[in-house]
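Colleague: Got a structure for you, protein_8.cif, holding mmCIF, C-alpha atoms.
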data_work
loop_
_atom_site.label_atom_id
_atom_site.label_comp_id
_atom_site.auth_asym_id
_atom_site.auth_seq_id
_atom_site.Cartn_x
_atom_site.Cartn_y
_atom_site.Cartn_z
CA MET P 171 98.20 80.01 80.69
CA ALA P 172 98.03 80.84 84.37
CA THR P 173 95.51 83.35 85.57
CA THR P 174 96.61 86.12 87.84
CA ALA P 175 95.98 85.66 91.54
CA VAL P 176 95.67 89.20 92.78
CA THR P 177 94.22 88.97 96.26
CA GLU P 178 95.37 86.31 98.67
CA GLN P 179 95.67 88.24 101.89
CA HIS P 180 92.55 89.33 103.71
CA GLU P 181 92.87 93.03 104.39
CA PRO P 182 90.23 94.99 106.28
CA GLY P 183 88.44 95.74 103.00
CA ALA P 184 87.96 92.03 102.54
CA MET P 185 85.81 91.65 105.64
CA VAL P 186 84.18 95.02 106.21
CA PRO P 187 82.34 96.91 103.46
CA ALA P 188 83.80 100.30 102.65
CA PRO P 189 81.32 103.08 101.88
CA PHE P 190 81.07 104.26 98.28
CA ARG P 191 78.77 106.99 96.99
CA VAL P 192 76.90 106.53 93.73
CA ALA P 193 78.32 109.28 91.51
CA GLU P 194 76.68 108.29 88.23
CA ARG P 195 73.91 105.93 87.26
CA GLU P 196 73.23 105.14 83.64
CA GLN P 197 70.64 102.77 82.27
CA ASP P 198 72.07 100.37 79.68
CA THR P 199 69.02 98.22 78.93
CA VAL P 200 65.57 97.72 80.37
CA ASP P 201 67.03 95.77 83.33
CA THR P 202 70.70 96.77 83.45
CA TRP P 203 72.41 99.85 84.87
CA THR P 204 76.01 101.00 85.06
CA LEU P 205 76.97 102.69 88.31
CA THR P 206 80.09 104.71 88.99
CA LEU P 207 80.92 104.59 92.68
CA GLU P 208 83.31 106.98 94.40
CA PRO P 209 85.08 105.94 97.60
CA LEU P 210 84.17 107.93 100.68
CA GLU P 211 87.38 106.81 102.39
CA GLY P 212 90.79 106.74 100.75
CA PRO P 213 91.73 106.56 97.07
CA GLY P 214 89.69 103.46 96.25
CA PRO P 215 90.95 100.04 95.29
CA SER P 216 93.16 99.10 92.37
CA ILE P 217 91.22 96.39 90.57
CA GLY P 218 92.49 93.81 88.11
CA PRO P 219 90.43 93.12 84.98
CA GLY P 220 87.93 90.38 85.71
CA GLN P 221 88.02 90.78 89.48
CA PHE P 222 84.81 91.29 91.39
CA MET P 223 83.56 93.27 94.36
CA MET P 224 81.04 92.19 96.98
CA VAL P 225 78.44 94.93 96.75
CA TYR P 226 76.22 95.56 99.75
CA ALA P 227 72.86 97.26 99.41
CA PHE P 228 72.42 98.16 103.05
CA GLY P 229 69.46 96.43 104.61
CA VAL P 230 68.84 94.25 101.58
CA GLY P 231 71.87 92.06 100.99
CA GLU P 232 75.21 91.55 99.33
CA VAL P 233 76.13 90.13 95.91
CA PRO P 234 79.31 89.66 93.87
CA ILE P 235 79.56 92.00 90.87
CA SER P 236 82.42 91.99 88.38
CA VAL P 237 84.03 95.34 87.79
CA SER P 238 83.50 96.77 84.33
CA GLY P 239 85.65 99.89 84.46
CA PRO P 240 89.25 100.49 83.37
CA PRO P 241 91.62 98.07 85.09
CA GLY P 242 94.43 98.75 87.49
CA ARG P 243 93.72 102.34 88.52
CA PRO P 244 92.71 103.38 92.00
CA GLY P 245 89.64 105.53 92.03
CA PRO P 246 85.98 105.20 91.20
CA VAL P 247 84.61 101.71 90.75
CA VAL P 248 82.44 101.06 87.70
CA LEU P 249 79.88 98.27 87.96
CA THR P 250 77.35 97.11 85.38
CA VAL P 251 74.52 95.38 87.19
CA ARG P 252 71.56 93.46 85.88
CA SER P 253 68.47 93.55 88.04
CA VAL P 254 67.56 89.90 88.55
CA GLY P 255 66.53 89.79 92.20
CA ALA P 256 66.00 91.80 95.36
CA VAL P 257 69.64 92.77 95.96
CA THR P 258 70.55 93.64 92.39
CA ALA P 259 67.26 95.52 92.04
CA ALA P 260 68.21 97.61 95.08
CA ILE P 261 71.68 98.27 93.66
CA CYS P 262 70.28 99.22 90.27
CA ALA P 263 67.79 101.56 91.91
CA SER P 264 70.53 103.41 93.80
CA GLU P 265 70.32 107.01 92.66
CA PRO P 266 73.38 109.32 92.67
CA GLY P 267 74.16 110.31 96.23
CA ARG P 268 73.15 106.99 97.75
CA THR P 269 75.76 104.93 99.57
CA LEU P 270 76.63 101.30 98.89
CA GLY P 271 79.13 99.09 100.69
CA LEU P 272 81.94 97.44 98.77
CA ARG P 273 84.33 94.70 99.78
CA GLY P 274 87.18 93.57 97.61
CA PRO P 275 88.49 93.33 94.97
CA PHE P 276 88.45 89.55 94.95
CA GLY P 277 89.42 86.72 92.66
CA THR P 278 91.72 86.14 89.75
CA ALA P 279 92.12 88.57 86.88
CA TRP P 280 92.11 88.11 83.12
CA PRO P 281 95.81 87.56 82.25
CA ILE P 282 95.89 90.36 79.70
CA GLU P 283 99.57 91.09 80.16
CA ALA P 284 100.50 87.46 79.50
CA ALA P 285 98.50 87.62 76.26
CA GLY P 286 100.71 90.46 74.98
CA GLY P 287 101.65 89.93 71.34
CA ASP P 288 98.85 87.43 70.83
CA ASP P 289 95.77 87.79 68.71
CA VAL P 290 92.90 88.40 71.08
CA LEU P 291 89.35 87.12 70.91
CA ILE P 292 86.92 88.59 73.41
CA ILE P 293 83.75 86.50 73.36
CA ALA P 294 80.84 87.72 75.45
CA GLY P 295 77.27 86.64 75.99
CA GLY P 296 74.63 88.89 77.55
CA ILE P 297 75.77 90.59 80.76
CA GLY P 298 79.10 88.74 80.27
CA LEU P 299 80.37 91.72 78.33
CA ALA P 300 80.60 93.68 81.60
CA PRO P 301 83.47 91.64 83.14
CA LEU P 302 85.19 91.70 79.75
CA ARG P 303 84.93 95.44 79.28
CA PRO P 304 88.19 96.02 81.24
CA VAL P 305 89.92 93.70 78.74
CA VAL P 306 88.46 95.66 75.83
CA LEU P 307 89.55 98.95 77.43
CA HIS P 308 93.04 97.59 78.06
CA VAL P 309 93.43 96.36 74.48
CA LEU P 310 92.16 99.70 73.15
CA ASP P 311 94.67 101.48 75.36
CA GLN P 312 97.57 99.16 74.52
CA ARG P 313 96.57 98.34 70.94
CA ALA P 314 100.13 98.04 69.61
CA GLY P 315 100.83 95.36 72.21
CA TYR P 316 98.50 92.84 70.60
CA GLY P 317 97.94 91.22 67.23
CA SER P 318 94.47 91.17 65.75
CA ALA P 319 91.69 91.83 68.25
CA ALA P 320 88.01 91.08 67.97
CA VAL P 321 85.01 91.43 70.25
CA LEU P 322 82.35 88.83 69.44
CA TYR P 323 79.19 89.61 71.34
CA GLY P 324 75.86 87.82 71.56
CA ALA P 325 72.69 88.85 73.37
CA ARG P 326 69.08 87.85 73.54
CA THR P 327 67.60 90.74 71.54
CA PRO P 328 68.92 94.05 70.15
CA GLY P 329 67.44 95.78 73.22
CA ASP P 330 69.60 93.64 75.52
CA LEU P 331 72.92 94.69 74.02
CA LEU P 332 75.25 96.48 76.42
CA TYR P 333 77.39 99.55 75.75
CA THR P 334 75.91 100.09 72.28
CA ASP P 335 76.94 103.74 72.44
CA LEU P 336 80.57 102.60 72.73
CA HIS P 337 80.66 100.02 69.94
CA ALA P 338 81.33 102.56 67.18
CA ASP P 339 84.27 103.92 69.15
CA TRP P 340 85.62 100.41 69.79
CA ARG P 341 85.27 99.55 66.09
CA ARG P 342 87.81 102.22 65.22
CA THR P 343 90.46 100.10 66.94
CA VAL P 344 89.25 96.50 67.15
CA ASP P 345 86.78 94.33 65.24
CA VAL P 346 83.38 94.22 66.89
CA GLU P 347 80.79 91.71 65.70
CA VAL P 348 77.39 91.44 67.31
CA THR P 349 74.61 88.89 67.03
CA VAL P 350 71.30 88.39 68.79
CA ASP P 351 69.11 85.36 69.36
CA THR P 352 66.02 86.94 67.89
CA ALA P 353 65.07 90.24 66.30
CA GLY P 354 62.37 92.09 64.46
CA PRO P 355 62.60 93.44 60.92
CA ASP P 356 64.19 96.73 62.03
CA TRP P 357 67.39 95.04 63.23
CA PRO P 358 69.99 95.33 60.46
CA GLY P 359 72.53 93.07 62.14
CA ARG P 360 73.08 89.38 62.63
CA VAL P 361 70.76 86.84 64.20
CA GLY P 362 72.24 83.58 65.45
CA VAL P 363 74.43 82.14 68.17
CA VAL P 364 77.64 83.91 69.15
CA THR P 365 79.86 81.04 67.96
CA LYS P 366 78.61 81.75 64.44
CA LEU P 367 80.74 84.89 64.54
CA LEU P 368 83.96 82.89 64.83
CA PRO P 369 84.40 81.95 61.16
CA GLY P 370 84.51 85.64 60.23
CA ALA P 371 87.07 86.58 62.88
CA ARG P 372 90.71 87.04 61.96
CA PHE P 373 93.10 85.21 64.27
CA ARG P 374 96.01 82.79 64.26
CA PRO P 375 94.79 79.82 66.32
CA GLU P 376 98.26 78.90 67.54
CA GLN P 377 98.88 82.45 68.76
CA THR P 378 95.52 83.52 70.09
CA THR P 379 94.20 84.05 73.58
CA ALA P 380 90.43 83.95 73.98
CA PHE P 381 88.63 85.66 76.87
CA VAL P 382 85.13 84.25 77.26
CA CYS P 383 82.37 85.32 79.61
CA GLY P 384 78.67 84.63 79.61
CA PRO P 385 76.22 82.00 80.76
CA GLU P 386 78.07 78.79 81.53
CA ILE P 387 76.45 76.83 78.73
CA MET P 388 77.34 79.54 76.23
CA MET P 389 80.95 79.42 77.43
CA ARG P 390 80.99 75.62 77.05
CA PHE P 391 79.86 75.89 73.43
CA ALA P 392 82.26 78.74 72.77
CA ALA P 393 85.18 76.80 74.26
CA ARG P 394 84.38 73.78 72.10
CA ALA P 395 84.15 75.95 68.99
CA LEU P 396 87.52 77.52 69.84
CA LEU P 397 89.09 74.10 70.37
CA ASP P 398 87.68 73.00 67.00
CA ARG P 399 89.43 75.98 65.44
CA GLY P 400 92.76 74.99 66.95
CA LEU P 401 93.15 77.09 70.09
CA ALA P 402 95.05 75.51 72.94
CA PRO P 403 92.83 74.86 75.98
CA GLU P 404 95.16 76.79 78.27
CA ARG P 405 94.70 79.89 76.09
CA ILE P 406 90.93 79.83 76.42
CA LEU P 407 90.03 81.79 79.56
CA LEU P 408 86.58 81.57 81.10
CA SER P 409 85.02 83.55 83.93
CA MET P 410 82.89 81.31 86.11
CA GLU P 411 79.94 82.15 88.30
CA ARG P 412 78.48 80.35 91.28
CA HIS P 413 76.56 81.45 94.33
CA MET P 414 78.99 83.44 96.48
CA ASP P 415 78.46 84.70 99.99
CA CYS P 416 81.78 85.56 101.58
CA GLY P 417 84.02 86.29 98.61
CA ILE P 418 87.11 85.21 100.50
CA GLY P 419 87.06 81.43 100.41
CA LEU P 420 85.50 80.83 103.81
CA CYS P 421 81.89 79.83 103.26
CA GLY P 422 82.47 77.29 100.50
CA HIS P 423 79.25 78.10 98.64
CA CYS P 424 81.06 78.73 95.37
CA GLN P 425 82.94 75.45 95.36
CA LEU P 426 83.63 73.98 91.95
CA GLY P 427 85.42 70.66 92.22
CA PRO P 428 88.55 71.22 94.28
CA THR P 429 88.45 75.00 93.92
CA LEU P 430 86.52 77.93 95.30
CA ILE P 431 85.55 80.30 92.54
CA CYS P 432 85.75 83.43 94.71
CA ARG P 433 89.33 82.61 95.69
CA ASP P 434 90.79 80.54 92.82
CA GLY P 435 88.59 82.04 90.09
CA PRO P 436 86.48 83.47 88.66
CA VAL P 437 88.91 83.43 85.73
CA TYR P 438 90.24 79.99 84.86
CA PRO P 439 91.87 78.48 81.79
CA TYR P 440 89.64 75.96 80.05
CA SER P 441 92.37 73.34 80.52
CA THR P 442 91.69 73.55 84.27
CA LEU P 443 87.91 73.81 84.02
CA ALA P 444 87.15 71.19 81.37
CA PRO P 445 87.01 68.14 83.65
CA TRP P 446 84.72 69.90 86.12
CA LEU P 447 82.35 71.30 83.53
CA GLU P 448 81.47 67.76 82.55
CA VAL P 449 80.46 66.83 86.10
CA ARG P 450 76.78 67.64 86.48
CA GLU P 451 76.78 67.40 90.25
CA LEU P 452 79.18 70.35 90.60
CA MET Q 197 89.21 89.20 34.75
CA PRO Q 198 85.95 87.63 35.97
CA ARG Q 199 86.39 84.33 37.75
CA SER Q 200 84.67 81.24 36.45
CA LEU Q 201 81.93 79.64 38.52
CA GLU Q 202 84.21 76.65 39.14
CA ASP Q 203 86.81 79.00 40.64
CA LEU Q 204 84.21 80.74 42.78
CA LEU Q 205 82.97 77.40 44.09
CA ALA Q 206 86.48 76.47 45.19
CA ASP Q 207 86.25 79.22 47.83
CA VAL Q 208 82.87 78.11 49.15
CA PRO Q 209 83.10 76.07 52.38
CA LEU Q 210 80.20 73.86 51.22
CA PHE Q 211 82.25 72.65 48.28
CA GLU Q 212 85.65 72.60 49.98
CA GLY Q 213 87.71 69.60 48.87
CA LEU Q 214 85.37 68.65 46.03
CA ASP Q 215 87.38 67.32 43.06
CA ASP Q 216 87.43 69.23 39.78
CA GLU Q 217 84.99 66.87 38.06
CA ALA Q 218 82.40 67.19 40.81
CA ARG Q 219 82.87 70.94 40.95
CA THR Q 220 82.30 71.21 37.21
CA LEU Q 221 79.14 69.14 37.53
CA VAL Q 222 77.82 71.37 40.30
CA ALA Q 223 78.82 74.56 38.49
CA GLY Q 224 76.77 73.40 35.52
CA CYS Q 225 73.66 73.97 37.63
CA ALA Q 226 74.74 77.38 38.95
CA ARG Q 227 74.66 81.02 38.00
CA ASN Q 228 75.43 84.27 39.79
CA VAL Q 229 72.67 86.57 41.01
CA HIS Q 230 72.40 89.94 42.71
CA PHE Q 231 69.81 91.38 45.10
CA GLY Q 232 69.31 94.90 46.34
CA ALA Q 233 68.92 95.67 50.04
CA GLY Q 234 65.37 94.84 51.07
CA ASP Q 235 64.67 92.55 48.12
CA ARG Q 236 62.69 89.40 48.90
CA ILE Q 237 64.68 86.36 47.81
CA PHE Q 238 61.98 83.79 48.48
CA LYS Q 239 58.68 83.55 50.28
CA GLU Q 240 57.23 80.95 52.63
CA GLY Q 241 55.17 78.41 50.73
CA GLY Q 242 56.81 79.21 47.40
CA GLU Q 243 58.38 76.54 45.24
CA ALA Q 244 61.85 75.66 46.56
CA ASP Q 245 63.65 74.69 43.40
CA VAL Q 246 66.95 76.43 44.16
CA PHE Q 247 69.44 77.15 46.91
CA TYR Q 248 71.95 79.96 47.28
CA VAL Q 249 75.50 80.40 48.45
CA VAL Q 250 75.90 83.97 49.65
CA ARG Q 251 79.16 85.47 48.38
CA HIS Q 252 78.67 88.99 49.71
CA GLY Q 253 76.18 90.62 52.03
CA SER Q 254 73.65 89.41 54.53
CA VAL Q 255 70.24 87.72 54.26
CA ALA Q 256 67.55 87.49 56.93
CA VAL Q 257 65.55 84.27 57.18
CA GLU Q 258 62.21 85.39 58.55
CA ALA Q 259 58.87 84.05 59.72
CA PHE Q 260 55.79 86.23 59.60
CA VAL Q 261 54.07 86.12 62.98
CA PRO Q 262 50.55 87.56 63.06
CA ALA Q 263 50.32 90.64 65.28
CA ARG Q 264 54.13 90.79 65.48
CA GLY Q 265 55.16 91.00 61.87
CA PRO Q 266 58.33 89.51 60.43
CA VAL Q 267 60.67 87.93 62.98
CA THR Q 268 64.24 87.19 61.98
CA ILE Q 269 65.14 83.61 62.82
CA GLU Q 270 68.68 83.61 61.51
CA THR Q 271 70.91 85.67 59.29
CA ILE Q 272 72.98 84.12 56.55
CA GLU Q 273 76.34 85.69 55.85
CA ALA Q 274 78.98 85.47 53.13
CA GLY Q 275 80.15 81.89 52.59
CA GLU Q 276 76.98 80.36 54.00
CA VAL Q 277 74.18 78.38 52.39
CA LEU Q 278 70.68 79.78 52.07
CA GLY Q 279 67.96 77.19 51.59
CA TRP Q 280 67.74 73.43 51.93
CA SER Q 281 64.08 72.85 51.06
CA TRP Q 282 65.13 72.05 47.47
CA LEU Q 283 66.38 68.70 48.78
CA PHE Q 284 63.17 67.38 50.28
CA ALA Q 285 59.64 66.95 48.96
CA PRO Q 286 57.34 68.83 48.72
CA TYR Q 287 60.05 71.36 47.80
CA ARG Q 288 58.40 74.37 49.42
CA TRP Q 289 60.08 77.18 51.36
CA HIS Q 290 59.39 77.06 55.07
CA PHE Q 291 60.35 80.68 55.70
CA ASP Q 292 60.89 84.00 53.94
CA ALA Q 293 64.32 85.28 52.95
CA ARG Q 294 65.10 88.98 52.55
CA ALA Q 295 68.33 90.71 51.59
CA LEU Q 296 69.48 92.95 54.46
CA THR Q 297 72.18 94.50 52.32
CA VAL Q 298 73.22 94.32 48.72
CA VAL Q 299 73.71 90.58 48.21
CA ARG Q 300 75.79 88.80 45.65
CA ALA Q 301 75.14 85.09 45.56
CA THR Q 302 75.42 81.99 43.46
CA VAL Q 303 72.11 80.28 42.86
CA PHE Q 304 71.93 76.55 42.20
CA ASP Q 305 69.14 74.90 40.24
CA GLY Q 306 67.85 72.23 42.62
CA VAL Q 307 66.11 70.16 39.95
CA CYS Q 308 69.28 70.08 37.85
CA LEU Q 309 71.36 69.10 40.89
CA ARG Q 310 68.93 66.43 42.06
CA GLU Q 311 69.05 64.84 38.60
CA LYS Q 312 72.85 64.84 38.64
CA CYS Q 313 72.90 63.37 42.12
CA GLU Q 314 70.55 60.56 41.08
CA SER Q 315 72.68 59.67 38.07
CA ASP Q 316 75.92 60.03 40.05
CA PRO Q 317 75.35 58.51 43.51
CA ALA Q 318 78.88 59.33 44.66
CA LEU Q 319 78.24 63.03 44.02
CA GLY Q 320 74.81 62.67 45.61
CA TYR Q 321 76.30 61.08 48.73
CA THR Q 322 78.92 63.80 49.00
CA LEU Q 323 76.44 66.64 48.60
CA MET Q 324 73.94 65.03 50.96
CA GLY Q 325 76.69 64.80 53.59
CA ARG Q 326 77.58 68.46 53.15
CA PHE Q 327 73.96 69.55 53.42
CA ALA Q 328 73.49 67.33 56.45
CA GLN Q 329 76.25 69.37 58.11
CA VAL Q 330 74.43 72.59 57.22
CA LEU Q 331 71.25 71.18 58.74
CA ILE Q 332 73.08 70.03 61.88
CA ASP Q 333 74.61 73.47 62.34
CA ARG Q 334 71.22 75.16 61.98
CA LEU Q 335 69.61 72.64 64.34
CA GLN Q 336 72.31 73.13 66.98
CA SER Q 337 71.99 76.89 66.69
CA THR Q 338 68.24 76.60 67.15
CA ARG Q 339 68.62 74.26 70.14
CA VAL Q 340 71.05 76.58 71.87
CA ARG Q 341 68.74 79.54 71.39
CA LEU Q 342 65.79 77.49 72.66
CA LEU Q 343 67.64 77.35 75.97
CA ASP Q 344 67.32 81.13 76.19
CA VAL Q 345 70.72 81.20 77.87
CA TYR Q 346 70.67 84.96 78.34
CA GLY Q 347 67.38 84.86 80.21
CA ASN Q 348 66.96 86.12 83.73
CA ASP Q 349 67.67 83.33 86.23
CA GLY Q 350 66.39 85.44 89.12
CA ARG Q 351 68.93 84.40 91.74
CA HIS Q 352 70.00 87.62 93.40
#
Could I get this file's structure written as structure tokens?
Modeller:
Amino acid sequence: MATTAVTEQHEPGAMVPAPFRVAEREQDTVDTWTLTLEPLEGPGPSIGPGQFMMVYAFGVGEVPISVSGPPGRPGPVVLTVRSVGAVTAAICASEPGRTLGLRGPFGTAWPIEAAGGDDVLIIAGGIGLAPLRPVVLHVLDQRAGYGSAAVLYGARTPGDLLYTDLHADWRRTVDVEVTVDTAGPDWPGRVGVVTKLLPGARFRPEQTTAFVCGPEIMMRFAARALLDRGLAPERILLSMERHMDCGIGLCGHCQLGPTLICRDGPVYPYSTLAPWLEVREL
Amino acid sequence: MPRSLEDLLADVPLFEGLDDEARTLVAGCARNVHFGAGDRIFKEGGEADVFYVVRHGSVAVEAFVPARGPVTIETIEAGEVLGWSWLFAPYRWHFDARALTVVRATVFDGVCLREKCESDPALGYTLMGRFAQVLIDRLQSTRVRLLDVYGNDGRH
């Protein structure tokens, strides 16, 4: 299954950050915030699901952040950001009213339209649920256009789970199964790796598209588990991450084999990625 | 009409593909049990003379950590095996198990099964292979979680 190349041309927004004002800032977990950013100029970009923006905290630095809001509509940009370093800490600390610079959107999108009619598995690990949230929102919005649909989500602890206030709402329309790596006695849910959720999921392997995002090693294990259950490698979509600086295929820092993740990814079918994932030097 | 134990075992992944004779032998060591939410199923250090196949509900395998209390290591869901200490001397539980929900399970008498396996090496080999797979799955799950893949890599 081919991913969707959305941005090839380099428009002004690709090179120069556009100003966006923080309209809302909501804390998801101890180190993760969701920001809603309103454009100060124009209607805002139309962003495909899985695409990312280069987000500039002025005076600190710029990082790629996948968009976690509804796909394909111009307007505010929703970003879920985990504070893991100086730049992301500055972004997370941006109170409503502050201005951030955004370039993009960049990269390939989850091919959700091509998966129409299929059973859908959305497999997320940790912050990886953020780039998959547009897929969840699309499936919720277009529920009749898909077969069975399940969100399988793993995190480190119950306190690290994202969007917990939305899960009950999602469960009304799609299956949502959650597991954590470790938990105390108050946690009533599952403990174990995310792939352990697969046996309980309803799907027809020959007619299923899987969207997978999380730490690379988690995606590797998930892809293998999906292959074991009969999914075709081209129907297993992964969102890759590497160090990115330019976002437009110029600097080469995000090279993976013969591709540049910012330009040719981040979403790839496993059939394309598999040979490169085995190469440790990449 | 209640299903026989042999019929119930046919749906259990652990016994998938077992022939009728073997299934009857295994069922001869089994009975159905029920636990309420919160019930302790076994306790660390206790005699491990049984194992369970969970048919409904969820069980937490826990370790008690001083100053932290019980920590859930893994949850066991419907269709999965709870307990493998019955297979290996000194036959003691390494962890606690607690029902998170109402649990319906089939419990297998480990002594009875070990005796049958010793007198029927083919059955013993088959069961040992199946339990080895359970152990491998648990080991792999533990290894992956040891990597702490969701941890903060501190790059940006």
Colleague: Write out as a CSV table (one decimal) with C-alpha atoms, in the coordinates of the input every residue belonging to chain P that has an atom at most 6 Å from any atom of chain Q, counting only C-alpha atoms.
Modeller:
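Okay, this is what ended up in iface_29.csv:
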chain,number,residue,atom,x,y,z
P,254,VAL,CA,67.6,89.9,88.6
P,255,GLY,CA,66.5,89.8,92.2
P,257,VAL,CA,69.6,92.8,96.0
P,296,GLY,CA,74.6,88.9,77.6
P,326,ARG,CA,69.1,87.8,73.5
P,353,ALA,CA,65.1,90.2,66.3
P,354,GLY,CA,62.4,92.1,64.5
P,355,PRO,CA,62.6,93.4,60.9
P,360,ARG,CA,73.1,89.4,62.6
P,361,VAL,CA,70.8,86.8,64.2
P,362,GLY,CA,72.2,83.6,65.4
P,363,VAL,CA,74.4,82.1,68.2
Colleague: To one decimal place, how far is atom CA of Glu265 of chain P from atom CA of Thr204 of chain P in Å?
Modeller: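 Pair atom CA of Glu265 of chain P / atom CA of Thr204 of chain P returns 11.2 Å.
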Colleague: Have a look at Q:Ala295, Q:Ala301, Q:Gly279, Q:Gly242 and name the one nearest to Leu331 of chain Q; count all atoms listed in the file.
Modeller: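 Among the listed residues, the smallest separation from Leu331 of chain Q belongs to Q:Gly279.
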Colleague: I need the residue set behind the PyMOL selection byres ((chain P and resi 382) around 10) for this file; please write it as a PyMOL selection string.
Modeller: chain P and resi 280+291-295+298-299+301-302+322-323+379-381+383-386+388-390+392-393+406-410+437+439-440
Colleague: For Glu314 of chain Q, please output as a PyMOL selection string all residues within 12 Å (counting only C-alpha atoms; exclusion window: fewer than 6 positions along the same chain).
Modeller: chain Q and resi 283+307-308+320-324
Colleague: Given the file shown, determine the residues that the PyMOL selection byres ((chain Q and resi 209-222) around 8) selects; report them as a ChimeraX atom specification.
Modeller: /Q:202,205-208,223-226,275-277,309,312,319,326-327
Colleague: Quick one: everything within 7 Å of Gly242 of chain P, counting all atoms listed in the file, minus sequence neighbours fewer than 4 positions away in the same chain. Send it as JSON, numbers by chain.
Modeller: {"P": [216, 217, 218]}
Colleague: Take atom CA of Leu307 of chain P and atom CA of Gly214 of chain P and report the distance between them in Å, one decimal.
Modeller: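 About the pair atom CA of Leu307 of chain P and atom CA of Gly214 of chain P: they are 19.4 Å apart.
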Colleague: Could you name the residues that touch Asp335 of chain P at 12 Å or less, counting all atoms listed in the file, but leaving out those on the same chain fewer than 6 positions away, as a PDB file with C-alpha atoms, in the frame of the given file?
Modeller:
ATOM      1  CA  GLU P 196      73.230 105.140  83.640  1.00  0.00           C
ATOM      2  CA  GLN P 197      70.640 102.770  82.270  1.00  0.00           C
ATOM      3  CA  ASP P 198      72.070 100.370  79.680  1.00  0.00           C
ATOM      4  CA  THR P 199      69.020  98.220  78.930  1.00  0.00           C
ATOM      5  CA  ARG P 341      85.270  99.550  66.090  1.00  0.00           C
TER       6      ARG P 341
END
Colleague: Could you work out how far atom CA of Gly435 of chain P lies from atom CA of Leu396 of chain P, giving the answer in Å with one decimal?
Modeller: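 Going from atom CA of Leu396 of chain P over to atom CA of Gly435 of chain P covers 20.8 Å.
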Colleague: Could you write out as lines of an AutoDock Vina configuration file the box around segment 187-197 of chain P (axis-aligned, all atoms listed in the file, 4 Å on each side), with centre and edge lengths in Å to one decimal?
Modeller:
center_x = 77.2
center_y = 103.1
center_z = 92.9
size_x = 21.2
size_y = 20.4
size_z = 29.2
Colleague: Taking the file as shown, what set of residues would the PyMOL selection byres ((chain P and resi 191) around 10) give back, as a list in words?
Modeller: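 Applying the PyMOL selection byres ((chain P and resi 191) around 10) to the structure shown produces Pro189, Phe190, Val192, Ala193, Glu194, Leu205, Thr206, Leu207, Glu208, Pro209, Leu210, Pro246, Ser264, Glu265, Pro266, Gly267, Arg268, Thr269, Leu270 and Gly271 of chain P.
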Colleague: Using all atoms listed in the file, which protein or nucleic acid residues come within 10 Å of segment 420-433 of chain P? Drop anything in the same chain fewer than 6 positions from it, and give the result as a list of chain:residue names.
Modeller: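 Close residues of segment 420-433 of chain P: P:Ala175, P:Val176, P:Thr177, P:Glu178, P:Gln221, P:Phe222, P:Pro234, P:Phe276, P:Gly277, P:Thr278, P:Ser409, P:Met410, P:Glu411, P:Arg412, P:His413, P:Met414, P:Leu443, P:Pro445, P:Trp446, P:Leu447, P:Val449, P:Glu451, P:Leu452.
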Colleague: Mind dumping the selected residues with C-alpha atoms as an mmCIF file, in the coordinates of the input?
Modeller:
data_model
loop_
_atom_site.group_PDB
_atom_site.id
_atom_site.type_symbol
_atom_site.label_atom_id
_atom_site.label_comp_id
_atom_site.auth_asym_id
_atom_site.auth_seq_id
_atom_site.Cartn_x
_atom_site.Cartn_y
_atom_site.Cartn_z
ATOM 1 C CA ALA P 175 95.980 85.660 91.540
ATOM 2 C CA VAL P 176 95.670 89.200 92.780
ATOM 3 C CA THR P 177 94.220 88.970 96.260
ATOM 4 C CA GLU P 178 95.370 86.310 98.670
ATOM 5 C CA GLN P 221 88.020 90.780 89.480
ATOM 6 C CA PHE P 222 84.810 91.290 91.390
ATOM 7 C CA PRO P 234 79.310 89.660 93.870
ATOM 8 C CA PHE P 276 88.450 89.550 94.950
ATOM 9 C CA GLY P 277 89.420 86.720 92.660
ATOM 10 C CA THR P 278 91.720 86.140 89.750
ATOM 11 C CA SER P 409 85.020 83.550 83.930
ATOM 12 C CA MET P 410 82.890 81.310 86.110
ATOM 13 C CA GLU P 411 79.940 82.150 88.300
ATOM 14 C CA ARG P 412 78.480 80.350 91.280
ATOM 15 C CA HIS P 413 76.560 81.450 94.330
ATOM 16 C CA MET P 414 78.990 83.440 96.480
ATOM 17 C CA LEU P 443 87.910 73.810 84.020
ATOM 18 C CA PRO P 445 87.010 68.140 83.650
ATOM 19 C CA TRP P 446 84.720 69.900 86.120
ATOM 20 C CA LEU P 447 82.350 71.300 83.530
ATOM 21 C CA VAL P 449 80.460 66.830 86.100
ATOM 22 C CA GLU P 451 76.780 67.400 90.250
ATOM 23 C CA LEU P 452 79.180 70.350 90.600
#
Colleague: When you look at Val305 of chain P with a cut-off of 7 Å (counting all atoms listed in the file), what residues show up, excluding the ones that are within fewer than 3 positions of it in the same chain? I need them as a PyMOL selection string.
Modeller: chain P and resi 219+282+302+308-309
